[in-house]
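Here is query_17.cif, consisting of mmCIF, C-alpha atoms and all ligand atoms:
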data_start
#
loop_
_atom_site.group_PDB
_atom_site.id
_atom_site.type_symbol
_atom_site.label_atom_id
_atom_site.label_comp_id
_atom_site.auth_asym_id
_atom_site.auth_seq_id
_atom_site.Cartn_x
_atom_site.Cartn_y
_atom_site.Cartn_z
ATOM 1 C CA MET F 1 0.000 0.000 0.000
ATOM 2 C CA THR F 2 1.426 3.346 -0.984
ATOM 3 C CA GLY F 3 -1.316 5.900 -0.371
ATOM 4 C CA PRO F 4 -3.495 6.668 2.644
ATOM 5 C CA ARG F 5 -5.503 3.833 4.186
ATOM 6 C CA LEU F 6 -8.758 5.302 2.934
ATOM 7 C CA ARG F 7 -9.399 7.862 0.241
ATOM 8 C CA ALA F 8 -12.437 9.026 -1.614
ATOM 9 C CA GLU F 9 -12.721 11.420 -4.508
ATOM 10 C CA HIS F 10 -15.691 13.513 -5.609
ATOM 11 C CA LEU F 11 -18.343 11.197 -4.168
ATOM 12 C CA ARG F 12 -21.913 11.963 -5.117
ATOM 13 C CA LEU F 13 -25.125 10.138 -4.209
ATOM 14 C CA SER F 14 -28.771 10.814 -4.996
ATOM 15 C CA TYR F 15 -31.969 9.290 -3.711
ATOM 16 C CA ASP F 16 -34.995 9.547 -5.986
ATOM 17 C CA GLY F 17 -33.235 12.160 -8.119
ATOM 18 C CA ARG F 18 -32.322 14.314 -5.108
ATOM 19 C CA VAL F 19 -28.605 14.818 -4.509
ATOM 20 C CA VAL F 20 -27.819 14.076 -0.836
ATOM 21 C CA VAL F 21 -24.006 13.911 -1.024
ATOM 22 C CA ASP F 22 -22.189 16.075 -3.534
ATOM 23 C CA ASP F 23 -18.514 16.238 -4.471
ATOM 24 C CA VAL F 24 -17.065 14.929 -1.207
ATOM 25 C CA SER F 25 -13.381 13.990 -1.164
ATOM 26 C CA LEU F 26 -11.394 12.836 1.864
ATOM 27 C CA THR F 27 -8.303 10.912 2.919
ATOM 28 C CA VAL F 28 -7.558 9.073 6.152
ATOM 29 C CA PRO F 29 -4.052 7.786 6.852
ATOM 30 C CA ALA F 30 -3.407 4.751 9.052
ATOM 31 C CA GLY F 31 -3.416 5.768 12.706
ATOM 32 C CA ALA F 32 -5.767 8.736 12.262
ATOM 33 C CA VAL F 33 -9.368 9.477 13.249
ATOM 34 C CA LEU F 34 -11.563 11.535 10.920
ATOM 35 C CA GLY F 35 -14.780 12.937 12.374
ATOM 36 C CA ILE F 36 -17.782 13.581 10.114
ATOM 37 C CA ALA F 37 -20.226 16.144 11.447
ATOM 38 C CA GLY F 38 -23.131 18.169 10.104
ATOM 39 C CA PRO F 39 -26.797 18.888 10.770
ATOM 40 C CA ASN F 40 -29.499 16.211 10.574
ATOM 41 C CA GLY F 41 -29.992 15.083 7.009
ATOM 42 C CA SER F 42 -26.724 16.622 5.781
ATOM 43 C CA GLY F 43 -25.567 13.281 4.321
ATOM 44 C CA LYS F 44 -23.253 11.816 6.988
ATOM 45 C CA THR F 45 -24.688 8.287 6.993
ATOM 46 C CA SER F 46 -25.024 8.335 3.194
ATOM 47 C CA LEU F 47 -21.327 9.220 2.921
ATOM 48 C CA LEU F 48 -20.384 6.385 5.276
ATOM 49 C CA ARG F 49 -22.497 3.954 3.250
ATOM 50 C CA MET F 50 -20.565 4.877 0.113
ATOM 51 C CA LEU F 51 -17.243 4.436 1.910
ATOM 52 C CA SER F 52 -18.319 0.991 3.138
ATOM 53 C CA GLY F 53 -19.530 -0.158 -0.289
ATOM 54 C CA GLU F 54 -23.101 -0.511 0.951
ATOM 55 C CA VAL F 55 -24.266 1.861 -1.783
ATOM 56 C CA THR F 56 -22.575 2.749 -5.059
ATOM 57 C CA PRO F 57 -21.712 6.390 -5.651
ATOM 58 C CA GLU F 58 -23.311 7.976 -8.646
ATOM 59 C CA HIS F 59 -20.013 9.721 -9.269
ATOM 60 C CA GLY F 60 -16.520 9.380 -7.781
ATOM 61 C CA GLU F 61 -14.803 6.477 -6.125
ATOM 62 C CA ALA F 62 -13.598 5.325 -2.707
ATOM 63 C CA HIS F 63 -10.425 3.259 -2.201
ATOM 64 C CA ILE F 64 -9.407 1.271 0.850
ATOM 65 C CA GLU F 65 -5.751 0.250 0.924
ATOM 66 C CA ASP F 66 -5.684 1.047 -2.798
ATOM 67 C CA HIS F 67 -8.589 -1.336 -3.517
ATOM 68 C CA PRO F 68 -11.536 0.336 -5.249
ATOM 69 C CA VAL F 69 -14.449 -0.287 -2.865
ATOM 70 C CA GLU F 70 -16.984 -0.812 -5.645
ATOM 71 C CA ARG F 71 -14.899 -3.388 -7.458
ATOM 72 C CA THR F 72 -13.850 -5.419 -4.406
ATOM 73 C CA SER F 73 -15.827 -8.510 -3.407
ATOM 74 C CA PRO F 74 -17.828 -8.221 -0.158
ATOM 75 C CA LYS F 75 -15.694 -10.916 1.449
ATOM 76 C CA ALA F 76 -12.404 -9.228 0.510
ATOM 77 C CA LEU F 77 -13.834 -5.861 1.602
ATOM 78 C CA ALA F 78 -14.833 -7.288 4.990
ATOM 79 C CA LYS F 79 -11.146 -8.029 5.666
ATOM 80 C CA LEU F 80 -10.218 -4.433 4.914
ATOM 81 C CA LEU F 81 -13.059 -2.528 6.501
ATOM 82 C CA ALA F 82 -15.431 -2.946 9.438
ATOM 83 C CA MET F 83 -18.552 -0.907 10.048
ATOM 84 C CA VAL F 84 -20.357 -0.213 13.320
ATOM 85 C CA SER F 85 -23.782 1.039 12.276
ATOM 86 C CA GLN F 86 -26.091 3.248 14.232
ATOM 87 C CA ASP F 87 -28.979 0.853 14.522
ATOM 88 C CA GLU F 88 -27.687 -2.672 14.546
ATOM 89 C CA GLY F 89 -31.140 -4.002 15.430
ATOM 90 C CA ILE F 90 -29.575 -6.648 17.662
ATOM 91 C CA THR F 91 -30.265 -5.246 21.092
ATOM 92 C CA GLU F 92 -32.666 -8.093 21.849
ATOM 93 C CA THR F 93 -30.457 -10.875 20.572
ATOM 94 C CA PRO F 94 -29.924 -13.847 22.884
ATOM 95 C CA LEU F 95 -26.395 -14.211 21.442
ATOM 96 C CA SER F 96 -23.553 -13.724 23.898
ATOM 97 C CA ALA F 97 -20.852 -11.107 23.426
ATOM 98 C CA ALA F 98 -18.383 -13.822 22.341
ATOM 99 C CA GLU F 99 -20.865 -15.136 19.755
ATOM 100 C CA ILE F 100 -21.472 -11.632 18.396
ATOM 101 C CA VAL F 101 -17.755 -10.947 18.168
ATOM 102 C CA MET F 102 -17.232 -14.330 16.453
ATOM 103 C CA LEU F 103 -19.511 -13.071 13.645
ATOM 104 C CA GLY F 104 -16.625 -10.745 12.823
ATOM 105 C CA ARG F 105 -14.568 -13.810 11.861
ATOM 106 C CA THR F 106 -17.022 -14.852 9.124
ATOM 107 C CA PRO F 107 -14.976 -13.325 6.262
ATOM 108 C CA HIS F 108 -11.997 -15.427 7.379
ATOM 109 C CA LEU F 109 -13.877 -18.747 7.291
ATOM 110 C CA GLY F 110 -14.454 -20.936 4.253
ATOM 111 C CA PRO F 111 -17.943 -22.182 3.374
ATOM 112 C CA PHE F 112 -19.213 -24.453 6.176
ATOM 113 C CA GLN F 113 -15.910 -24.050 8.017
ATOM 114 C CA ARG F 114 -16.249 -23.887 11.775
ATOM 115 C CA PRO F 115 -14.225 -21.340 13.746
ATOM 116 C CA GLY F 116 -10.860 -22.710 14.875
ATOM 117 C CA ARG F 117 -8.337 -21.856 17.557
ATOM 118 C CA ALA F 118 -7.088 -18.775 15.718
ATOM 119 C CA ASP F 119 -10.653 -17.429 15.485
ATOM 120 C CA ILE F 120 -11.304 -18.034 19.183
ATOM 121 C CA ALA F 121 -8.018 -16.287 20.002
ATOM 122 C CA ALA F 122 -8.995 -13.341 17.761
ATOM 123 C CA VAL F 123 -12.345 -13.024 19.574
ATOM 124 C CA GLU F 124 -10.690 -13.084 22.983
ATOM 125 C CA ASP F 125 -8.104 -10.567 21.877
ATOM 126 C CA ALA F 126 -10.767 -8.217 20.515
ATOM 127 C CA LEU F 127 -12.844 -8.435 23.712
ATOM 128 C CA ARG F 128 -9.739 -7.780 25.787
ATOM 129 C CA ARG F 129 -8.757 -4.767 23.701
ATOM 130 C CA VAL F 130 -12.116 -3.102 24.325
ATOM 131 C CA GLY F 131 -12.043 -4.047 28.021
ATOM 132 C CA ALA F 132 -15.035 -6.398 27.707
ATOM 133 C CA ILE F 133 -13.546 -9.855 28.240
ATOM 134 C CA GLU F 134 -15.598 -10.289 31.406
ATOM 135 C CA LEU F 135 -18.749 -9.818 29.307
ATOM 136 C CA ALA F 136 -17.893 -12.704 26.956
ATOM 137 C CA ARG F 137 -20.699 -15.023 28.094
ATOM 138 C CA ARG F 138 -23.347 -12.355 28.731
ATOM 139 C CA PRO F 139 -26.182 -12.013 26.189
ATOM 140 C CA LEU F 140 -26.093 -8.653 24.427
ATOM 141 C CA SER F 141 -29.708 -8.070 25.487
ATOM 142 C CA THR F 142 -28.636 -7.786 29.139
ATOM 143 C CA MET F 143 -25.972 -5.137 28.541
ATOM 144 C CA SER F 144 -25.951 -1.381 28.966
ATOM 145 C CA GLY F 145 -25.612 0.788 25.879
ATOM 146 C CA GLY F 146 -21.925 1.404 26.554
ATOM 147 C CA GLU F 147 -21.144 -2.282 27.061
ATOM 148 C CA ARG F 148 -23.027 -3.171 23.886
ATOM 149 C CA GLN F 149 -21.099 -0.551 21.919
ATOM 150 C CA ARG F 150 -17.812 -2.008 23.140
ATOM 151 C CA VAL F 151 -18.883 -5.474 22.008
ATOM 152 C CA LEU F 152 -19.819 -4.152 18.556
ATOM 153 C CA ILE F 153 -16.429 -2.453 18.282
ATOM 154 C CA ALA F 154 -14.812 -5.748 19.357
ATOM 155 C CA ARG F 155 -16.691 -7.507 16.557
ATOM 156 C CA ALA F 156 -15.255 -4.963 14.121
ATOM 157 C CA LEU F 157 -11.762 -5.583 15.534
ATOM 158 C CA ALA F 158 -12.133 -9.368 15.276
ATOM 159 C CA GLN F 159 -12.749 -8.803 11.589
ATOM 160 C CA GLY F 160 -9.078 -7.810 11.469
ATOM 161 C CA ALA F 161 -9.770 -4.799 9.235
ATOM 162 C CA GLY F 162 -7.428 -1.828 9.145
ATOM 163 C CA THR F 163 -10.256 0.664 8.638
ATOM 164 C CA LEU F 164 -13.162 1.252 11.012
ATOM 165 C CA LEU F 165 -16.309 3.188 10.112
ATOM 166 C CA LEU F 166 -18.546 4.129 13.044
ATOM 167 C CA ASP F 167 -21.919 5.822 12.722
ATOM 168 C CA GLU F 168 -22.696 7.820 15.868
ATOM 169 C CA PRO F 169 -21.081 5.308 18.239
ATOM 170 C CA THR F 170 -21.847 7.553 21.214
ATOM 171 C CA ASN F 171 -25.580 7.679 20.582
ATOM 172 C CA HIS F 172 -27.540 6.943 23.785
ATOM 173 C CA LEU F 173 -24.382 6.821 25.898
ATOM 174 C CA ASP F 174 -23.836 8.822 29.048
ATOM 175 C CA ILE F 175 -20.979 11.311 29.185
ATOM 176 C CA ARG F 176 -18.464 8.926 30.674
ATOM 177 C CA TYR F 177 -19.196 6.179 28.132
ATOM 178 C CA GLN F 178 -19.074 8.716 25.290
ATOM 179 C CA HIS F 179 -15.529 9.533 26.303
ATOM 180 C CA GLU F 180 -14.649 5.890 26.918
ATOM 181 C CA VAL F 181 -15.843 4.735 23.516
ATOM 182 C CA LEU F 182 -14.134 7.556 21.634
ATOM 183 C CA GLY F 183 -10.997 7.145 23.735
ATOM 184 C CA LEU F 184 -11.029 3.501 22.708
ATOM 185 C CA VAL F 185 -11.352 4.409 19.024
ATOM 186 C CA ARG F 186 -8.487 6.868 19.402
ATOM 187 C CA ASP F 187 -6.288 4.275 21.183
ATOM 188 C CA LEU F 188 -6.987 1.761 18.419
ATOM 189 C CA ALA F 189 -5.987 4.297 15.812
ATOM 190 C CA VAL F 190 -2.821 5.356 17.558
ATOM 191 C CA GLY F 191 -1.812 1.982 19.015
ATOM 192 C CA SER F 192 -2.873 -0.380 16.228
ATOM 193 C CA GLU F 193 -2.540 1.854 13.163
ATOM 194 C CA VAL F 194 -6.260 1.618 12.458
ATOM 195 C CA ALA F 195 -7.811 4.359 10.295
ATOM 196 C CA ALA F 196 -11.159 5.406 11.768
ATOM 197 C CA VAL F 197 -14.033 7.469 10.407
ATOM 198 C CA VAL F 198 -16.562 8.455 13.055
ATOM 199 C CA VAL F 199 -19.868 10.233 12.510
ATOM 200 C CA LEU F 200 -20.474 12.482 15.515
ATOM 201 C CA HIS F 201 -23.054 15.101 16.404
ATOM 202 C CA ASP F 202 -21.163 16.461 19.373
ATOM 203 C CA LEU F 203 -18.555 18.851 17.983
ATOM 204 C CA ASN F 204 -16.760 19.138 21.304
ATOM 205 C CA LEU F 205 -16.308 15.385 21.542
ATOM 206 C CA ALA F 206 -15.133 15.411 17.930
ATOM 207 C CA ALA F 207 -12.581 18.118 18.773
ATOM 208 C CA ARG F 208 -11.113 16.007 21.548
ATOM 209 C CA TYR F 209 -10.790 12.672 19.742
ATOM 210 C CA CYS F 210 -10.433 13.407 16.014
ATOM 211 C CA ASP F 211 -7.338 14.426 14.064
ATOM 212 C CA ALA F 212 -9.449 16.028 11.350
ATOM 213 C CA LEU F 213 -13.086 17.027 10.924
ATOM 214 C CA LEU F 214 -15.234 17.111 7.811
ATOM 215 C CA VAL F 215 -18.430 19.133 8.207
ATOM 216 C CA LEU F 216 -21.239 18.464 5.749
ATOM 217 C CA ASP F 217 -23.975 20.940 4.966
ATOM 218 C CA GLY F 218 -26.709 19.937 2.543
ATOM 219 C CA GLY F 219 -24.489 17.111 1.241
ATOM 220 C CA ARG F 220 -21.528 19.360 0.447
ATOM 221 C CA VAL F 221 -18.290 19.904 2.349
ATOM 222 C CA ALA F 222 -18.676 23.064 4.416
ATOM 223 C CA ALA F 223 -15.273 22.627 6.063
ATOM 224 C CA TYR F 224 -12.509 20.038 6.188
ATOM 225 C CA GLY F 225 -9.418 20.406 8.361
ATOM 226 C CA THR F 226 -8.076 20.181 11.883
ATOM 227 C CA PRO F 227 -10.553 20.689 14.744
ATOM 228 C CA ASP F 228 -8.720 23.914 15.501
ATOM 229 C CA ALA F 229 -9.363 25.277 11.991
ATOM 230 C CA VAL F 230 -12.916 23.937 11.580
ATOM 231 C CA LEU F 231 -14.439 24.690 14.969
ATOM 232 C CA VAL F 232 -14.675 28.439 14.598
ATOM 233 C CA PRO F 233 -17.849 30.566 14.612
ATOM 234 C CA GLU F 234 -17.343 31.624 10.954
ATOM 235 C CA VAL F 235 -17.669 27.971 9.895
ATOM 236 C CA ILE F 236 -20.125 26.564 12.429
ATOM 237 C CA GLU F 237 -22.702 29.385 12.682
ATOM 238 C CA PRO F 238 -23.832 29.346 9.029
ATOM 239 C CA VAL F 239 -23.958 25.528 8.957
ATOM 240 C CA TYR F 240 -26.026 25.045 12.108
ATOM 241 C CA GLY F 241 -27.717 28.462 12.254
ATOM 242 C CA ILE F 242 -26.735 28.957 15.872
ATOM 243 C CA GLY F 243 -24.638 31.552 17.683
ATOM 244 C CA THR F 244 -21.270 30.074 18.628
ATOM 245 C CA HIS F 245 -18.526 31.127 20.980
ATOM 246 C CA ARG F 246 -15.093 29.485 20.772
ATOM 247 C CA LEU F 247 -13.208 28.560 23.927
ATOM 248 C CA ASP F 248 -10.201 26.386 24.513
ATOM 249 C CA VAL F 249 -10.256 23.794 27.297
ATOM 250 C CA ASP F 250 -6.956 22.060 28.126
ATOM 251 C CA GLY F 251 -5.686 23.223 24.741
ATOM 252 C CA VAL F 252 -8.623 21.555 22.930
ATOM 253 C CA PRO F 253 -11.139 23.697 20.983
ATOM 254 C CA HIS F 254 -14.505 23.892 22.725
ATOM 255 C CA LEU F 255 -17.663 25.567 21.446
ATOM 256 C CA ALA F 256 -20.432 27.140 23.506
ATOM 257 C CA PHE F 257 -23.762 27.737 21.741
ATOM 258 C CA HIS F 258 -26.342 30.502 21.965
ATOM 259 C CA PRO F 259 -29.685 29.652 20.339
ATOM 260 C CA ALA F 260 -31.313 32.701 18.723
ATOM 261 C CA HIS F 261 -34.649 31.925 20.386
ATOM 262 C CA GLU F 262 -33.110 31.534 23.840
ATOM 263 C CA SER F 263 -35.570 32.581 26.516
ATOM 264 C CA HIS F 264 -34.168 35.150 28.882
ATOM 265 C CA GLY F 265 -36.797 34.585 31.558
ATOM 266 C CA GLU F 266 -35.666 34.105 35.136
ATOM 267 C CA PRO F 267 -35.212 30.492 36.293
ATOM 268 C CA HIS F 268 -38.213 29.170 38.203
ATOM 269 C CA GLU F 269 -37.529 29.521 41.903
ATOM 270 C CA HIS F 270 -40.002 26.999 43.257
ATOM 271 C CA LEU F 271 -38.718 23.846 41.539
ATOM 272 C CA VAL F 272 -35.984 23.062 44.012
HETATM 273 N N1 LIG F 301 -32.799 5.252 1.545
HETATM 274 C C1 LIG F 301 -33.127 6.523 1.348
HETATM 275 N N2 LIG F 301 -34.086 6.882 0.460
HETATM 276 C C2 LIG F 301 -34.404 8.180 0.245
HETATM 277 N N3 LIG F 301 -33.809 9.208 0.892
HETATM 278 C C3 LIG F 301 -32.858 8.928 1.805
HETATM 279 C C4 LIG F 301 -32.465 7.571 2.078
HETATM 280 N N4 LIG F 301 -31.495 7.597 3.026
HETATM 281 C C5 LIG F 301 -31.291 8.908 3.338
HETATM 282 N N5 LIG F 301 -32.103 9.695 2.597
HETATM 283 C C6 LIG F 301 -32.158 11.152 2.626
HETATM 284 O O1 LIG F 301 -30.842 11.627 2.361
HETATM 285 C C7 LIG F 301 -30.562 12.776 3.145
HETATM 286 C C8 LIG F 301 -29.280 12.510 3.931
HETATM 287 O O2 LIG F 301 -29.566 11.494 4.888
HETATM 288 P P1 LIG F 301 -28.446 10.899 5.854
HETATM 289 O O3 LIG F 301 -29.082 9.833 6.666
HETATM 290 O O4 LIG F 301 -27.258 10.565 5.055
HETATM 291 O O5 LIG F 301 -28.131 12.191 6.732
HETATM 292 P P2 LIG F 301 -27.401 12.299 8.144
HETATM 293 O O6 LIG F 301 -26.533 13.505 8.055
HETATM 294 O O7 LIG F 301 -26.741 11.010 8.499
HETATM 295 O O8 LIG F 301 -28.619 12.579 9.092
HETATM 296 P P3 LIG F 301 -28.842 12.379 10.687
HETATM 297 O O9 LIG F 301 -27.914 13.332 11.389
HETATM 298 O O10 LIG F 301 -30.265 12.796 10.863
HETATM 299 O O11 LIG F 301 -28.598 10.934 11.007
HETATM 300 C C9 LIG F 301 -31.773 13.023 4.016
HETATM 301 O O12 LIG F 301 -32.535 14.028 3.419
HETATM 302 C C10 LIG F 301 -32.504 11.704 3.992
HETATM 303 O O13 LIG F 301 -33.899 11.896 4.108
#
Would you write the structure of this file as structure tokens?
Amino acid sequence: MTGPRLRAEHLRLSYDGRVVVDDVSLTVPAGAVLGIAGPNGSGKTSLLRMLSGEVTPEHGEAHIEDHPVERTSPKALAKLLAMVSQDEGITETPLSAAEIVMLGRTPHLGPFQRPGRADIAAVEDALRRVGAIELARRPLSTMSGGERQRVLIARALAQGAGTLLLDEPTNHLDIRYQHEVLGLVRDLAVGSEVAAVVVLHDLNLAARYCDALLVLDGGRVAAYGTPDAVLVPEVIEPVYGIGTHRLDVDGVPHLAFHPAHESHGEPHEHLV
């Protein structure tokens, strides 16, 4: 491999004749985390689906480790790239964490081949890396949102792919788990040379854990650069239509927001 782990050029996608992603290009080197942000409906998930090969771009092309995503077989692609989707629809599954993570080994097994020692070792290793080995025998349905998210990331790791795509992995998580999950993604990138693309709504979380941010607005790139360059009122206010004040916390950019319709009434005194 000579180029970046993941690159995409001029991606465009339409649904029913309506363009939802337009002329988006990006690159992610091994060991880096790219955050994708933007308002609801701005095309974040659609972009991720093109990167993962789930949908074919109408224009442009994505490459993973120099393999064109569109022209790579699903099985070969599954060894290069793992996706953690927003709604996995498996919260009620009776499968244990170990069984879920073993699903990540599927691309490495031949037809009708049962998992062997190497697969079991890969599952254990993945569960250990996300700090969830003690959950191995627990059914996913009994886990908290944060535990479940760790198991899904472990499944992606067991796949052995060098690129991870995560769609809002912090959805429904409390503040501590949000930081834990993104810290984990960052550690995987830095420690294991994984390239990660993470869709995030929370710009301040994105600032802390991403090397670069791509902000979509109406399917187009509104900004693409370091968190320091992107998270400025001139960029964020027109995209989200909200007053923004830039601070720095521990040397990390941090935005405070001021909704235009903010009520200035006094707080109610009798509630507490
Ligand atoms: N399968 C589909 N068929 C038709 N339109 C779709 C389909 N999937 C997404 N869209 C539309 O494409 C646009 C972009 O949607 P997408 O889910 O990519 O946005 P998003 O930025 O991920 O949104 P959110 O922040 O709300 O999750 C939206 O207008 C959405 O309604």
Answer key for the PyMOL selection byres (((not hetatm)) within 6 of (chain F and resi 301)), residues as a PyMOL selection string: chain F and resi 15+20+39-46
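Comparing F:Leu51, F:Ala158, F:Pro107, F:Ala98 by their smallest distance to Ser73 in chain F, the closest is F:Pro107 (using all atoms listed in the file).
Between CA of Asn171 in chain F and CA of His201 in chain F there is a distance of 8.9 Å.
With CA of Arg117 in chain F on one side and CA of Leu188 in chain F on the other, the separation reads 23.7 Å.
Restricting the calculation to all atoms listed in the file, the smallest distance between Arg186 in chain F and any of F:Glu9, F:Asp211, F:Asp16, F:Asp228 is found for F:Asp211.
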Show me, as an mmCIF file with C-alpha atoms, keeping the file's coordinate frame, the residues that have an atom within 8 Å of Val239 in chain F when counting all atoms listed in the file, minus same-chain residues fewer than 3 positions from it.
data_model
loop_
_atom_site.group_PDB
_atom_site.id
_atom_site.type_symbol
_atom_site.label_atom_id
_atom_site.label_comp_id
_atom_site.auth_asym_id
_atom_site.auth_seq_id
_atom_site.Cartn_x
_atom_site.Cartn_y
_atom_site.Cartn_z
ATOM 1 C CA GLY F 38 -23.131 18.169 10.104
ATOM 2 C CA PRO F 39 -26.797 18.888 10.770
ATOM 3 C CA ASP F 217 -23.975 20.940 4.966
ATOM 4 C CA ALA F 222 -18.676 23.064 4.416
ATOM 5 C CA VAL F 235 -17.669 27.971 9.895
ATOM 6 C CA ILE F 236 -20.125 26.564 12.429
#
Quick one: of F:His245, F:Arg155, F:His254, F:Lys79, who's nearest to Asp202 in chain F, counting all atoms listed in the file? F:His254
